[in-house]
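Text of query06.cif (mmCIF, C-alpha atoms) as supplied:
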```cif
data_final
loop_
_atom_site.label_atom_id
_atom_site.label_comp_id
_atom_site.auth_asym_id
_atom_site.auth_seq_id
_atom_site.Cartn_x
_atom_site.Cartn_y
_atom_site.Cartn_z
CA MET Y 17 -1.53 -31.22 -79.96
CA MET Y 18 -5.18 -32.24 -79.66
CA GLN Y 19 -6.15 -29.44 -82.01
CA LEU Y 20 -3.58 -30.59 -84.52
CA ALA Y 21 -4.75 -34.16 -84.21
CA LEU Y 22 -8.35 -33.13 -84.74
CA GLU Y 23 -7.43 -31.09 -87.78
CA VAL Y 24 -5.61 -33.96 -89.45
CA GLY Y 25 -7.78 -36.84 -88.43
CA GLN Y 26 -11.43 -37.22 -87.64
CA THR Y 27 -12.06 -40.61 -86.08
CA ALA Y 28 -11.01 -42.39 -82.91
CA GLN Y 29 -9.41 -39.89 -80.56
CA PRO Y 30 -7.29 -42.13 -78.34
CA GLU Y 31 -5.56 -43.43 -81.43
CA ALA Y 32 -4.91 -39.87 -82.63
CA ILE Y 33 -3.36 -38.93 -79.27
CA MET Y 34 -1.22 -42.08 -79.33
CA PHE Y 35 -0.17 -41.35 -82.89
CA TRP Y 36 0.78 -37.74 -82.30
CA ILE Y 37 2.84 -38.63 -79.24
CA LEU Y 38 4.60 -41.73 -80.60
CA GLY Y 39 4.90 -40.72 -84.25
CA PRO Y 40 7.21 -37.71 -83.73
CA MET Y 41 9.18 -39.73 -81.18
CA ALA Y 42 9.73 -42.50 -83.74
CA VAL Y 43 10.85 -40.01 -86.39
CA ALA Y 44 13.17 -38.29 -83.90
CA ALA Y 45 14.67 -41.63 -82.88
CA ALA Y 46 15.18 -42.57 -86.52
CA LEU Y 47 16.91 -39.23 -87.16
CA GLY Y 48 19.00 -39.82 -84.05
CA MET Y 49 20.13 -43.12 -85.55
CA LEU Y 50 21.83 -41.16 -88.31
CA LEU Y 51 23.30 -38.53 -86.04
CA VAL Y 52 24.74 -40.42 -83.07
CA LYS Y 53 28.34 -41.47 -83.31
CA LYS Y 54 28.37 -44.86 -81.63
CA ALA Y 55 26.78 -47.84 -83.31
CA VAL Y 56 25.44 -49.13 -79.98
CA HIS Y 57 23.41 -45.95 -79.51
CA SER Y 58 22.07 -46.37 -83.05
CA ALA Y 59 20.99 -49.89 -82.13
CA ILE Y 60 19.14 -48.70 -79.01
CA LEU Y 61 17.33 -45.98 -81.00
CA MET Y 62 16.49 -48.56 -83.66
CA ALA Y 63 14.97 -50.83 -81.00
CA PHE Y 64 12.86 -47.88 -79.85
CA VAL Y 65 11.59 -47.27 -83.40
CA MET Y 66 10.73 -50.97 -83.70
CA ILE Y 67 8.73 -50.93 -80.45
CA VAL Y 68 6.82 -47.85 -81.62
CA LEU Y 69 6.07 -49.61 -84.90
CA ALA Y 70 4.80 -52.63 -82.95
CA ILE Y 71 2.43 -50.33 -81.05
CA PHE Y 72 1.28 -48.86 -84.38
CA TYR Y 73 0.57 -52.35 -85.69
CA ILE Y 74 -1.47 -53.25 -82.63
CA ALA Y 75 -3.36 -49.95 -82.88
CA GLN Y 76 -4.22 -50.84 -86.47
CA ASP Y 77 -5.79 -54.19 -85.53
CA ALA Y 78 -2.72 -56.17 -86.56
CA VAL Y 79 -2.26 -57.78 -83.15
CA PHE Y 80 -0.37 -60.80 -84.41
CA LEU Y 81 2.10 -58.70 -86.39
CA GLY Y 82 2.60 -56.36 -83.43
CA ILE Y 83 3.60 -59.22 -81.17
CA VAL Y 84 5.76 -60.78 -83.89
CA GLN Y 85 7.42 -57.41 -84.39
CA ILE Y 86 8.40 -57.27 -80.71
CA VAL Y 87 9.48 -60.90 -80.53
CA VAL Y 88 11.33 -61.07 -83.85
CA TYR Y 89 12.71 -57.55 -84.24
CA THR Y 90 13.32 -56.07 -80.82
CA GLY Y 91 13.95 -59.54 -79.43
CA ALA Y 92 15.90 -61.54 -81.97
CA VAL Y 93 17.16 -59.18 -84.66
CA MET Y 94 18.33 -56.34 -82.41
CA MET Y 95 19.91 -58.93 -80.11
CA LEU Y 96 21.82 -60.25 -83.12
CA PHE Y 97 22.90 -56.72 -84.02
CA LEU Y 98 24.21 -56.07 -80.52
CA PHE Y 99 25.96 -59.44 -80.54
CA ILE Y 100 27.77 -58.61 -83.78
CA LEU Y 101 28.60 -55.14 -82.43
CA MET Y 102 30.29 -56.83 -79.49
CA LEU Y 103 32.23 -59.09 -81.86
CA VAL Y 104 33.31 -56.33 -84.21
CA GLY Y 105 33.94 -53.71 -81.54
CA VAL Y 106 34.56 -50.03 -82.01
CA ASP Y 107 36.64 -48.80 -84.89
CA SER Y 108 37.23 -45.81 -87.13
CA SER Y 109 34.10 -46.46 -89.17
CA ASP Y 110 32.04 -45.09 -86.28
CA SER Y 111 33.25 -41.56 -87.00
CA LEU Y 112 30.91 -39.21 -88.80
CA THR Y 113 33.45 -37.55 -91.11
CA GLU Y 114 32.51 -37.87 -94.76
CA THR Y 115 35.04 -39.69 -96.89
CA ILE Y 116 33.53 -38.98 -100.30
CA PRO Y 117 33.50 -35.19 -100.75
CA GLY Y 118 30.08 -33.69 -101.35
CA LEU Y 119 28.25 -36.92 -100.56
CA ARG Y 120 26.30 -35.58 -97.62
CA PRO Y 121 24.71 -32.52 -99.31
CA ILE Y 122 23.77 -34.64 -102.31
CA ALA Y 123 22.26 -37.33 -100.08
CA ILE Y 124 20.26 -34.82 -98.06
CA THR Y 125 19.02 -33.03 -101.18
CA ALA Y 126 17.99 -36.34 -102.74
CA ALA Y 127 16.27 -37.34 -99.51
CA ILE Y 128 14.31 -34.11 -99.30
CA GLY Y 129 13.32 -34.59 -102.94
CA PHE Y 130 12.27 -38.19 -102.41
CA GLY Y 131 10.49 -37.53 -99.13
CA GLY Y 132 8.70 -34.51 -100.57
CA LEU Y 133 7.63 -36.54 -103.59
CA MET Y 134 6.25 -39.36 -101.43
CA VAL Y 135 4.43 -37.02 -99.05
CA SER Y 136 2.92 -34.90 -101.82
CA LEU Y 137 1.93 -38.06 -103.66
CA LEU Y 138 0.18 -39.38 -100.57
CA GLY Y 139 -1.44 -36.01 -100.02
CA ARG Y 140 -2.90 -35.94 -103.53
CA ALA Y 141 -3.97 -39.56 -103.73
CA THR Y 142 -7.58 -40.20 -102.76
CA LEU Y 143 -9.30 -43.51 -102.43
CA GLY Y 144 -12.76 -42.10 -102.91
CA ARG Y 145 -14.04 -43.80 -99.78
CA ASP Y 146 -13.20 -44.08 -96.12
CA ALA Y 147 -10.94 -46.75 -94.73
CA ILE Y 148 -12.93 -49.95 -94.27
CA GLY Y 149 -11.17 -51.12 -91.12
CA LEU Y 150 -10.53 -54.67 -90.09
CA ALA Y 151 -13.56 -55.29 -87.88
CA ALA Y 152 -15.10 -57.67 -90.43
CA ALA Y 153 -11.85 -59.36 -91.43
CA ASN Y 154 -10.89 -59.87 -87.79
CA ALA Y 155 -14.32 -61.20 -86.80
CA ASP Y 156 -12.93 -64.66 -86.01
CA GLY Y 157 -9.78 -63.20 -84.46
CA ASN Y 158 -6.70 -61.74 -86.08
CA VAL Y 159 -4.52 -64.83 -85.69
CA GLU Y 160 -7.23 -67.09 -87.09
CA GLY Y 161 -7.74 -64.76 -90.06
CA ILE Y 162 -4.05 -64.67 -90.92
CA ALA Y 163 -3.74 -68.43 -90.44
CA MET Y 164 -6.69 -68.98 -92.77
CA LEU Y 165 -4.99 -66.92 -95.51
CA LEU Y 166 -1.53 -68.30 -94.86
CA PHE Y 167 -2.59 -71.92 -95.17
CA SER Y 168 -4.94 -71.47 -98.12
CA THR Y 169 -4.09 -68.69 -100.57
CA TYR Y 170 -0.48 -68.23 -99.55
CA VAL Y 171 0.48 -71.79 -98.72
CA PHE Y 172 3.02 -72.08 -101.54
CA PRO Y 173 4.90 -68.84 -100.68
CA PHE Y 174 4.80 -69.98 -97.06
CA GLU Y 175 6.61 -73.21 -97.94
CA VAL Y 176 9.09 -71.35 -100.14
CA VAL Y 177 9.83 -68.99 -97.25
CA SER Y 178 10.56 -71.94 -94.98
CA ALA Y 179 13.10 -73.16 -97.54
CA LEU Y 180 14.58 -69.65 -97.58
CA LEU Y 181 14.95 -69.69 -93.78
CA ILE Y 182 16.80 -73.01 -93.82
CA THR Y 183 19.04 -71.79 -96.65
CA ALA Y 184 19.82 -68.60 -94.73
CA ALA Y 185 20.76 -70.56 -91.62
CA MET Y 186 23.04 -72.79 -93.70
CA GLY Y 187 24.55 -69.74 -95.42
CA ALA Y 188 25.28 -68.04 -92.11
CA MET Y 189 26.99 -71.16 -90.83
CA VAL Y 190 29.11 -71.47 -93.97
CA LEU Y 191 30.05 -67.77 -93.95
CA ALA Y 192 30.87 -67.60 -90.26
CA HIS Y 193 32.84 -70.83 -90.22
CA GLN Y 194 36.54 -70.17 -90.02
CA HIS Y 195 38.94 -72.64 -91.54
CA ARG Y 196 42.41 -72.52 -90.05
CA THR Y 197 44.96 -72.21 -92.84
CA THR Y 198 48.10 -72.43 -90.71
CA ALA Y 199 48.86 -74.87 -87.94
CA ARG Y 200 48.06 -73.70 -84.44
CA PRO Y 201 51.30 -72.51 -82.72
CA THR Y 202 52.39 -74.82 -79.93
CA GLN Y 203 53.41 -73.70 -76.43
CA ARG Y 204 57.01 -74.39 -77.38
CA GLN Y 205 56.77 -72.26 -80.54
CA LEU Y 206 55.15 -69.39 -78.62
CA SER Y 207 57.89 -69.52 -76.00
CA ILE Y 208 60.64 -69.47 -78.63
CA ASN Y 209 58.99 -66.53 -80.39
CA ARG Y 210 58.85 -64.60 -77.14
CA PHE Y 211 62.55 -64.90 -76.38
CA ARG Y 212 63.94 -64.87 -79.92
CA GLY Y 213 61.54 -62.17 -81.13
CA ALA Y 214 62.27 -58.58 -82.04
CA SER Y 215 62.47 -57.37 -78.47
CA LEU Y 216 63.37 -59.09 -75.24
CA GLY Y 217 61.16 -56.60 -73.46
CA THR Y 218 58.08 -58.79 -73.71
CA ALA Y 219 59.84 -61.96 -72.60
CA ALA Y 220 58.42 -61.83 -69.09
CA GLY Y 221 54.97 -60.82 -70.32
CA LEU Y 222 53.52 -57.35 -70.51
CA PRO Y 223 52.96 -55.34 -67.35
CA GLY Y 224 49.40 -55.02 -66.13
CA PRO Y 225 47.71 -51.61 -66.26
CA GLY Y 226 47.92 -49.49 -63.18
CA VAL Y 227 50.87 -51.36 -61.70
CA TYR Y 228 53.12 -48.87 -59.91
CA ALA Y 229 51.14 -46.05 -61.47
CA ARG Y 230 49.55 -43.42 -59.29
CA HIS Y 231 46.06 -44.72 -60.02
CA ASN Y 232 45.34 -48.41 -59.76
CA ALA Y 233 42.92 -48.49 -62.70
CA VAL Y 234 42.73 -50.27 -66.06
CA ASP Y 235 42.86 -47.04 -68.03
CA VAL Y 236 46.19 -45.91 -66.56
CA PRO Y 237 49.39 -47.25 -68.08
CA ALA Y 238 51.80 -49.03 -65.76
CA LEU Y 239 55.05 -47.40 -64.76
CA LEU Y 240 58.19 -49.32 -65.60
CA PRO Y 241 60.97 -49.60 -62.98
CA ASP Y 242 62.77 -46.64 -64.52
CA GLY Y 243 59.68 -44.46 -64.11
CA THR Y 244 58.61 -44.34 -67.75
CA PRO Y 245 55.00 -45.24 -68.53
CA ALA Y 246 54.26 -48.35 -70.56
CA PRO Y 247 51.33 -47.64 -72.92
CA THR Y 248 51.32 -51.29 -74.04
CA SER Y 249 49.99 -52.28 -70.62
CA VAL Y 250 46.56 -50.80 -71.40
CA ASN Y 251 44.07 -52.90 -73.35
CA ALA Y 252 44.19 -52.05 -77.06
CA SER Y 253 40.42 -51.59 -77.30
CA LEU Y 254 40.46 -49.04 -74.47
CA GLU Y 255 43.15 -47.19 -76.37
CA ALA Y 256 41.18 -47.34 -79.64
CA ARG Y 257 38.13 -45.99 -77.85
CA GLY Y 258 40.17 -43.07 -76.57
CA ASP Y 259 39.54 -44.01 -72.95
CA MET Y 260 43.21 -44.32 -71.97
CA LEU Y 261 44.39 -41.56 -69.68
CA ASP Y 262 47.16 -39.38 -71.01
CA TYR Y 263 50.23 -41.17 -69.71
CA LYS Y 264 52.55 -38.19 -70.04
CA SER Y 265 51.22 -36.80 -66.78
CA PHE Y 266 52.29 -39.98 -65.00
CA ASP Y 267 55.91 -39.79 -66.15
CA LEU Y 268 57.97 -39.72 -62.96
CA ALA Y 269 60.28 -37.12 -64.50
CA GLU Y 270 57.33 -34.74 -64.69
CA VAL Y 271 55.95 -35.48 -61.26
CA ASN Y 272 57.28 -33.46 -58.40
CA THR Y 273 58.78 -35.98 -55.99
CA GLN Y 274 60.25 -33.42 -53.63
CA ILE Y 275 59.00 -33.87 -50.11
CA GLU Y 276 58.38 -30.69 -48.27
CA GLU Y 277 58.39 -30.83 -44.53
CA GLU Y 278 55.29 -29.52 -42.90
CA LYS Y 279 55.62 -27.46 -39.82
CA MET O 21 -7.87 -40.55 -87.11
CA ASP O 22 -7.19 -40.76 -90.80
CA ALA O 23 -5.28 -43.98 -91.51
CA SER O 24 -3.14 -42.26 -94.13
CA ASN O 25 -1.18 -40.51 -91.36
CA TYR O 26 0.59 -43.83 -90.89
CA LEU O 27 1.54 -43.72 -94.55
CA TYR O 28 3.17 -40.31 -94.09
CA ILE O 29 5.22 -41.55 -91.17
CA SER O 30 6.14 -44.65 -93.16
CA ALA O 31 7.41 -42.44 -96.02
CA LEU O 32 9.45 -40.36 -93.56
CA LEU O 33 11.02 -43.41 -91.93
CA PHE O 34 11.83 -44.89 -95.33
CA THR O 35 13.53 -41.66 -96.41
CA ILE O 36 15.55 -41.46 -93.19
CA GLY O 37 16.64 -45.06 -93.67
CA ALA O 38 17.71 -44.35 -97.25
CA VAL O 39 19.81 -41.36 -96.14
CA GLY O 40 21.43 -43.52 -93.47
CA VAL O 41 22.42 -46.16 -96.00
CA VAL O 42 24.15 -43.52 -98.12
CA VAL O 43 25.70 -41.38 -95.38
CA ARG O 44 26.89 -43.73 -92.66
CA ARG O 45 30.09 -45.75 -93.00
CA ASN O 46 29.78 -48.42 -90.33
CA ALA O 47 28.43 -51.50 -92.09
CA ILE O 48 26.31 -52.43 -89.07
CA VAL O 49 24.64 -49.01 -88.94
CA VAL O 50 24.04 -49.20 -92.70
CA PHE O 51 22.40 -52.55 -92.10
CA MET O 52 20.19 -51.15 -89.36
CA CYS O 53 19.07 -48.41 -91.75
CA ILE O 54 18.09 -51.08 -94.30
CA GLU O 55 16.04 -52.72 -91.54
CA LEU O 56 14.41 -49.34 -90.90
CA MET O 57 13.42 -49.11 -94.58
CA LEU O 58 11.94 -52.62 -94.48
CA ASN O 59 10.00 -51.75 -91.35
CA ALA O 60 8.67 -48.57 -92.95
CA ALA O 61 7.41 -50.64 -95.88
CA ASN O 62 5.80 -53.05 -93.40
CA LEU O 63 3.99 -50.19 -91.71
CA SER O 64 2.47 -49.07 -95.00
CA LEU O 65 1.46 -52.67 -95.80
CA VAL O 66 -0.35 -52.94 -92.47
CA THR O 67 -2.00 -49.57 -93.07
CA PHE O 68 -3.15 -50.55 -96.55
CA SER O 69 -4.53 -53.74 -95.07
CA ARG O 70 -6.62 -51.62 -92.71
CA ILE O 71 -7.73 -49.26 -95.48
CA ASN O 72 -8.79 -52.12 -97.74
CA GLY O 73 -10.38 -54.12 -94.95
CA ASP O 74 -8.70 -57.46 -95.69
CA LEU O 75 -5.76 -59.29 -94.18
CA ASP O 76 -3.64 -59.80 -97.31
CA GLY O 77 -1.48 -56.81 -96.45
CA GLN O 78 -0.73 -58.26 -93.04
CA VAL O 79 0.27 -61.57 -94.61
CA MET O 80 2.60 -59.65 -96.95
CA ALA O 81 4.12 -57.84 -93.97
CA PHE O 82 4.57 -61.21 -92.28
CA PHE O 83 6.50 -62.50 -95.30
CA THR O 84 8.60 -59.33 -95.34
CA MET O 85 9.52 -59.94 -91.70
CA VAL O 86 10.61 -63.50 -92.45
CA VAL O 87 12.72 -62.40 -95.42
CA ALA O 88 14.18 -59.56 -93.35
CA ALA O 89 15.18 -62.03 -90.65
CA CYS O 90 16.97 -64.19 -93.26
CA GLU O 91 18.63 -61.10 -94.69
CA VAL O 92 19.89 -60.03 -91.26
CA VAL O 93 21.37 -63.45 -90.55
CA VAL O 94 23.23 -63.67 -93.86
CA GLY O 95 24.23 -59.99 -93.89
CA LEU O 96 25.68 -60.04 -90.39
CA ALA O 97 27.57 -63.24 -91.22
CA ILE O 98 29.06 -61.43 -94.23
CA ILE O 99 30.02 -58.45 -92.04
CA VAL O 100 31.73 -60.77 -89.57
CA ALA O 101 33.56 -62.55 -92.40
CA ILE O 102 34.76 -59.23 -93.86
CA TYR O 103 35.76 -58.01 -90.41
CA ARG O 104 37.84 -61.15 -89.88
CA SER O 105 39.83 -60.66 -93.06
CA ARG O 106 40.09 -56.84 -93.17
CA ARG O 107 39.85 -55.89 -89.45
CA SER O 108 37.34 -53.19 -90.28
CA ALA O 109 33.56 -52.83 -90.38
CA SER O 110 33.69 -49.78 -92.63
CA VAL O 111 31.95 -49.99 -95.97
CA ASP O 112 34.66 -47.75 -97.46
CA ASP O 113 37.43 -50.19 -96.68
CA ALA O 114 35.96 -53.02 -98.74
CA SER O 115 37.15 -51.52 -102.03
CA LEU O 116 39.29 -54.23 -103.62
CA LEU O 117 37.47 -54.01 -106.95
CA LYS O 118 38.32 -50.32 -107.26
CA ARG O 119 42.06 -50.89 -107.32
#
```

Write the structure described by the file as structure tokens, please.
Amino acid sequence: MMQLALEVGQTAQPEAIMFWILGPMAVAAALGMLLVKKAVHSAILMAFVMIVLAIFYIAQDAVFLGIVQIVVYTGAVMMLFLFILMLVGVDSSDSLTETIPGLRPIAITAAIGFGGLMVSLLGRATLGRDAIGLAAANADGNVEGIAMLLFSTYVFPFEVVSALLITAAMGAMVLAHQHRTTARPTQRQLSINRFRGASLGTAAGLPGPGVYARHNAVDVPALLPDGTPAPTSVNASLEARGDMLDYKSFDLAEVNTQIEEEK
Amino acid sequence: MDASNYLYISALLFTIGAVGVVVRRNAIVVFMCIELMLNAANLSLVTFSRINGDLDGQVMAFFTMVVAACEVVVGLAIIVAIYRSRRSASVDDASLLKR
């Protein structure tokens, strides 16, 4: 790895070692984001990529941005993603089957084309001089330097961005606000629906999972008094996730209830 | 180390993000891939700032972060709104205009 690092780059060695350890890890995590099935795992890998990018920023003398990256991205944004994942839950869109035929080969071909173009472009482009580095620009400190630019040259964009932030907050509130279109059902109405509904079976409420079943666990359907399992007793999200145990094996008709005397 | 190595990794991350936007179906994962693309662009801005020896690139990256934060807030609110009405976070299911 050192040899490779020395071949590609010539200056500060600790940075090269850091780069050649963290860089491939970041790319692998980003690839993993595409390949893992569950959205939560994608989010964790994404958080890893963001932390690596923060380290890259700090290594490139962008201390302020590195800290902001950790606070804003891995702190706030990924938190928000996980929060929405909890709200939305797991559904069929997590599966990796392709719905549009031939989409995946086309996408991968286009990606290889695009990536190859970018990399070859970067490989051919030359600046004609070495990188200057930020030692001079950061002489008074990185935060002070950015503040100086932000409140002089870029003060108008800065104000516009603050307006954008407020607008986004308002927009999120408007979009997420739910207006009830029908009246909320009263206790009386709910009770009537339960007894006059399609089936009287739910009149006394649904059985809890694991009740009278052989395992007293939430992923095992309850057994009804006649010995048949009741799949409705298991939480719907457990069922959607495929975590419900196969209830056929708990059917009393299938289970051997003969007692053999031991000698 | 040559600073342009960061540019290569930025190009790779951007490409991976673009593939994710096209290939994945879960709207939240698609959104995360867009974030990955934005972050890749940020990395090249920071690298260019180092190559050129001034802080303008870092200020640009700072603005990108702010806009990305706004975009996440509004985008996730839209995903939640769609999920409420259609009970699905799949980008394939939101196809009313097609029919």

- Select residues of chain O: the criterion is any atom within 6 Å of an atom of chain Y, counting all atoms listed in the file; output as a PyMOL selection string. chain O and resi 21-22+35+40+45-46+70-74+90+94+97+110

- Message: Running the PyMOL selection byres ((chain O and resi 54) around 9) on this model by hand, what would come out? Give it as a list in words.
- Response: Phe34, Gly37, Ala38, Gly40, Val41, Val49, Val50, Phe51, Met52, Cys53, Glu55, Leu56, Met57, Leu58 and Asn59 of chain O

- Distance in Å - atom CA of Ile67 of chain Y versus atom CA of Val111 of chain O: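 A separation of 27.9 Å between them.
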
- Message: Need the shell around Leu65 of chain O: protein/DNA/RNA residues with any atom at most 10 Å away, counting only C-alpha atoms. Skip same-chain ones fewer than 6 positions apart. Format as a list in words?
- Response: Leu27, Ser30, Asn59, Ile71, Leu75, Asp76, Gly77, Gln78, Val79, Met80, Ala81, Phe82 and Thr84 of chain O

- So how far away is atom CA of Val171 of chain Y from atom CA of Val79 of chain Y, in Å?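 Atom CA of Val171 of chain Y lies at a distance of 21.1 Å from atom CA of Val79 of chain Y.
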
- Take atom CA of Pro237 of chain Y and atom CA of Ala109 of chain O and report the distance between them in Å, one decimal. 27.9 Å

As AutoDock Vina command-line options: centre and edge lengths in Å, one decimal, of the axis-aligned box holding segment 95-102 of chain O with 5 Å per side:
```
--center_x 29.5 --center_y -60.8 --center_z -91.9 --size_x 20.5 --size_y 14.8 --size_z 14.7
```

- Nearest candidate to Ile86 of chain Y (options O:Ala101, O:Ala61, O:Met85, O:Val92; using all atoms listed in the file):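 Checking each candidate against Ile86 of chain Y, we get O:Met85 as the closest.
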